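A.B. asks: Below you will find the structure I want to go over with you.
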Amino acid sequence: MALIEFPGTDLPEDLADWLELTAIQAADKNGSAGDLERELKRLGKNGTEELIGNAFTEIDRREKSAGKEAYPFERKDTSIELKAGNYPAYIFCLALSYCKWKTRKGAPENPWLLFEELARYTAKNYLGGDAIIFGTSCRQKKSGEKRFVANINDLAKKLGEGEGFKKQSTFSAKDSKLDLVAWKSFKDGRPSQIILFGQCAAGDNWTNKLTELIPEDFWDQWMARAKVSSPLRSVFMPHRIYDHERWDKHARSARLLFDRCRVVAHAHQDTATGGFAARLLNCCRTEWKLHI
């Protein structure tokens with residue numbers, strides 16, 4: 001069994017992550033309060049009972065937030081157990097958040113880009129509309145500048161507003177931090193609709209990304225026609241935040257924050273089985289050596 005390194009903090013979300021990953025790797029698919037207590041005492045931590053209680057409170061919140069149908073673990077009195085079934089989205093987000101990832105040559109799949117695809121399902125199902133991945137980096141073989149112009153024109157056409165790319169003498173062929181766009185249109189096809197401009201924050205520096213994307217600036221810079229609808233910034237991440245005040249602080253910055261459980265709750269129905277599910281699980285096996 002590949003052991004999961006114990007977290008360097010005693011945050012409830014980190015302890016809960018460790019417990020979930022321990023259950024995945026265990027032969028009996030179980031992670032217990034005793035497992036947590038043993039590691040906490042080994043590190044000389046004080047107040048172990050409170051720390052364990054907070055970790056299990058976080059487990060309960062996850063089940064509520066993701067929904068029982070999308071949450072992979074069954075809560076016991078003093079343990080959790082991996083359920084039989086298909087939960088690729090949650091397990092992938094868990095591994096990406098806790099085990100992390102760094103760019104490397106020869107990786108069969110880039111987990112950060114895979115997370116963007118997962119987030120597109122989330123945004124689409126949350127709004128009950130349409131969604132596309134917008135970002136250009138690392139995806140297209142065409143030159144970045146031409147691809148960027150084509151993406152802007154395509155986005156304007158799909159939204160039915162913005163007209164298209166605003167001609168400029170020079171510009172940087174970057175996606176201006178925009179990873180995905182989701183919208184819910186009306187049958188008349190006219191402007192005045194809900195639009196989400198989304199950024200994905202899958203790495204350790206996610207707090208720095210909460211305010212990087214400014215939808216109004218993006219629109220004003222690249223679209224030929226002034227906006228009618230005001231796009232709302234949204235941030236998608238595979239991480240969890242336990243503390244309520246910390247959540248409020250970061251959610252204010254993000255404006256619309258999708259954490260791991262929110263992502264999974266709205267993506268599970270489309271990603272539990274099939275080719276994309278297989279890619280998520282294969283990534284977990286190859287990048288983080290999970291036994292799933």
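In the structure tokens, chains take letters A, B, ... by order of appearance, with residues numbered from 1 within each chain and ligands from 1 in the order shown.
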Give the helix (DSSP H, G or I) residues of segment 43-151 of chain A, as DSSP finds them on the backbone, and put them as a ChimeraX atom specification.

C.D. replies: /A:48-66,88-99,111-127,144-151

A.B. asks: Per residue of segment 74-164 of chain A within 9 Å of segment 205-224 of chain A, record the nearest atom pair and its distance in Å to one decimal, counting only C-alpha atoms, with rows in chain order and ascending residue number, as a Markdown table.

C.D. replies:
```
| residue | atom | partner | partner_atom | distance |
| --- | --- | --- | --- | --- |
| A:Val149 | CA | A:Trp222 | CA | 8.8 |
| A:Ile152 | CA | A:Met223 | CA | 7.3 |
| A:Asn153 | CA | A:Met223 | CA | 8.5 |
| A:Ala156 | CA | A:Met223 | CA | 7.8 |
| A:Glu161 | CA | A:Met223 | CA | 9.0 |
| A:Gly162 | CA | A:Met223 | CA | 5.3 |
| A:Glu163 | CA | A:Ala224 | CA | 5.8 |
| A:Gly164 | CA | A:Ala224 | CA | 5.5 |
```

A.B. asks: What does the distance from atom CA of Glu37 of chain A to atom CA of Ile24 of chain A come to in Å, to one decimal?

C.D. replies: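 Separation between atom CA of Glu37 of chain A and atom CA of Ile24 of chain A: 18.3 Å.
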
A.B. asks: Taking into account only C-alpha atoms, which residue in the set A:Phe148, A:Trp183, A:Tyr90, A:Trp112 is nearest to Ala202 of chain A?

C.D. replies: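 So, comparing all the options, the nearest one is A:Trp112.
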
A.B. asks: Ranking A:Asp204, A:Asp179, A:Asp243, A:Asp77 by minimum distance to Pro12 of chain A and counting only C-alpha atoms, which one comes first?

C.D. replies: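 Selected residue with least distance to Pro12 of chain A: A:Asp243.
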
A.B. asks: As an NGL selection string, please: all residues of segment 81-289 of chain A that backbone DSSP puts in strand (DSSP E).

C.D. replies: :A and (81-82 or 130-133 or 180-184 or 194-200 or 232-236 or 256-258)

A.B. asks: Using only C-alpha atoms, pick whichever of A:Leu155, A:Ile241, A:Cys200, A:Ala70 has the shortest atom-to-atom distance to Ala16 of chain A.

C.D. replies: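 Among the listed residues, A:Ile241 lies closest to Ala16 of chain A.
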
A.B. asks: Could you work out how far atom CA of Tyr121 of chain A lies from atom CA of Ser234 of chain A, giving the answer in Å with one decimal?

C.D. replies: 14.0 Å

A.B. asks: Which residues are close to Glu49 of chain A, i.e. within 12 Å by only C-alpha atoms, leaving aside same-chain residues fewer than 5 positions away? Reply as number ranges by chain.

C.D. replies: A: 33-34, 36-38, 40-41, 54-56, 78

A.B. asks: Suppose we keep N, CA, C and O atoms; can you now write the selection as a PDB file, in the first residue's frame?

C.D. replies:
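The resulting file, result.pdb, is reproduced below:
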```pdb
ATOM      1  N   ALA A  33     -10.853   7.154  13.238  1.00  0.00           N
ATOM      2  CA  ALA A  33     -10.388   8.133  14.213  1.00  0.00           C
ATOM      3  C   ALA A  33      -9.106   7.647  14.869  1.00  0.00           C
ATOM      4  O   ALA A  33      -8.222   8.442  15.205  1.00  0.00           O
ATOM      5  N   GLY A  34      -8.990   6.331  15.032  1.00  0.00           N
ATOM      6  CA  GLY A  34      -7.772   5.759  15.601  1.00  0.00           C
ATOM      7  C   GLY A  34      -6.554   6.017  14.734  1.00  0.00           C
ATOM      8  O   GLY A  34      -5.456   6.278  15.241  1.00  0.00           O
ATOM      9  N   LEU A  36      -6.135   8.615  12.789  1.00  0.00           N
ATOM     10  CA  LEU A  36      -5.800  10.020  13.008  1.00  0.00           C
ATOM     11  C   LEU A  36      -5.123  10.223  14.364  1.00  0.00           C
ATOM     12  O   LEU A  36      -4.104  10.925  14.462  1.00  0.00           O
ATOM     13  N   GLU A  37      -5.672   9.619  15.383  1.00  0.00           N
ATOM     14  CA  GLU A  37      -5.138   9.793  16.730  1.00  0.00           C
ATOM     15  C   GLU A  37      -3.693   9.305  16.818  1.00  0.00           C
ATOM     16  O   GLU A  37      -2.835   9.961  17.422  1.00  0.00           O
ATOM     17  N   ARG A  38      -3.423   8.191  16.202  1.00  0.00           N
ATOM     18  CA  ARG A  38      -2.074   7.623  16.237  1.00  0.00           C
ATOM     19  C   ARG A  38      -1.057   8.589  15.618  1.00  0.00           C
ATOM     20  O   ARG A  38       0.016   8.830  16.174  1.00  0.00           O
ATOM     21  N   LEU A  40      -1.439  11.908  15.128  1.00  0.00           N
ATOM     22  CA  LEU A  40      -1.381  13.161  15.887  1.00  0.00           C
ATOM     23  C   LEU A  40      -0.530  13.009  17.138  1.00  0.00           C
ATOM     24  O   LEU A  40       0.261  13.898  17.491  1.00  0.00           O
ATOM     25  N   LYS A  41      -0.661  11.877  17.813  1.00  0.00           N
ATOM     26  CA  LYS A  41       0.138  11.626  19.022  1.00  0.00           C
ATOM     27  C   LYS A  41       1.611  11.430  18.658  1.00  0.00           C
ATOM     28  O   LYS A  41       2.509  11.853  19.405  1.00  0.00           O
ATOM     29  N   ASN A  54     -13.165  17.882  14.762  1.00  0.00           N
ATOM     30  CA  ASN A  54     -13.285  18.843  13.666  1.00  0.00           C
ATOM     31  C   ASN A  54     -13.122  18.172  12.310  1.00  0.00           C
ATOM     32  O   ASN A  54     -13.804  18.538  11.344  1.00  0.00           O
ATOM     33  N   ALA A  55     -12.216  17.197  12.236  1.00  0.00           N
ATOM     34  CA  ALA A  55     -12.013  16.478  10.979  1.00  0.00           C
ATOM     35  C   ALA A  55     -13.285  15.736  10.576  1.00  0.00           C
ATOM     36  O   ALA A  55     -13.678  15.740   9.394  1.00  0.00           O
ATOM     37  N   PHE A  56     -13.949  15.126  11.535  1.00  0.00           N
ATOM     38  CA  PHE A  56     -15.180  14.396  11.212  1.00  0.00           C
ATOM     39  C   PHE A  56     -16.350  15.355  10.950  1.00  0.00           C
ATOM     40  O   PHE A  56     -17.254  15.031  10.180  1.00  0.00           O
ATOM     41  N   THR A  78     -17.013   6.194  14.106  1.00  0.00           N
ATOM     42  CA  THR A  78     -15.644   6.673  14.327  1.00  0.00           C
ATOM     43  C   THR A  78     -14.737   6.391  13.124  1.00  0.00           C
ATOM     44  O   THR A  78     -13.517   6.290  13.262  1.00  0.00           O
TER      45      THR A  78
END
```

A.B. asks: What is the distance between atom CA of Phe73 of chain A and atom CA of Leu280 of chain A, in Å to one decimal?

C.D. replies: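 About the pair atom CA of Phe73 of chain A and atom CA of Leu280 of chain A: they are 17.9 Å apart.
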
A.B. asks: Pick from A:Leu196, A:Leu178, A:Cys261, A:Val235: nearest to Ser65 of chain A, with only C-alpha atoms counted?

C.D. replies: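 Checking each candidate against Ser65 of chain A, we get A:Cys261 as the closest.
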
A.B. asks: Residues within 10 Å of His291 of chain A, please, as an mmCIF file with C-alpha atoms, in the first residue's frame. Count only C-alpha atoms; anything in the same chain fewer than 4 positions from it doesn't count.

C.D. replies:
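The resulting file, selection_34.cif, is reproduced below:
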```cif
data_model
loop_
_atom_site.group_PDB
_atom_site.id
_atom_site.type_symbol
_atom_site.label_atom_id
_atom_site.label_comp_id
_atom_site.auth_asym_id
_atom_site.auth_seq_id
_atom_site.Cartn_x
_atom_site.Cartn_y
_atom_site.Cartn_z
ATOM 1 C CA MET A 1 0.000 0.000 0.000
ATOM 2 C CA ALA A 2 1.310 3.442 -0.920
ATOM 3 C CA LEU A 21 -6.964 9.118 1.050
ATOM 4 C CA ILE A 24 -8.799 4.724 -0.481
ATOM 5 C CA GLN A 25 -5.380 3.138 -0.037
ATOM 6 C CA ALA A 26 -6.307 0.783 2.816
ATOM 7 C CA ALA A 27 -6.976 -2.880 2.082
ATOM 8 C CA LYS A 29 -11.100 0.740 2.426
ATOM 9 C CA LEU A 281 -9.237 7.755 -12.646
ATOM 10 C CA CYS A 284 -5.180 9.373 -10.156
ATOM 11 C CA ARG A 285 -3.405 6.072 -10.734
#
```

A.B. asks: Compare A:Ser253, A:Thr22, A:Gln168, A:Thr271 by their minimum atom-to-atom distance to Leu94 of chain A, counting only C-alpha atoms, and give me the closest one.

C.D. replies: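 Nearest candidate to Leu94 of chain A out of A:Ser253, A:Thr22, A:Gln168, A:Thr271: A:Thr22.
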
A.B. asks: Could you check which of A:Arg279, A:Lys102, A:Lys158, A:Lys76 is closest to Gly129 of chain A, using only C-alpha atoms?

C.D. replies: A:Lys158

A.B. asks: So which residues touch Glu116 of chain A within 12 Å, counting only C-alpha atoms, skipping near sequence neighbours fewer than 6 positions away, as number ranges by chain?

C.D. replies: A: 89, 93, 110, 122-123, 131-136, 139, 178-181, 198-202, 235-238, 263, 267, 280
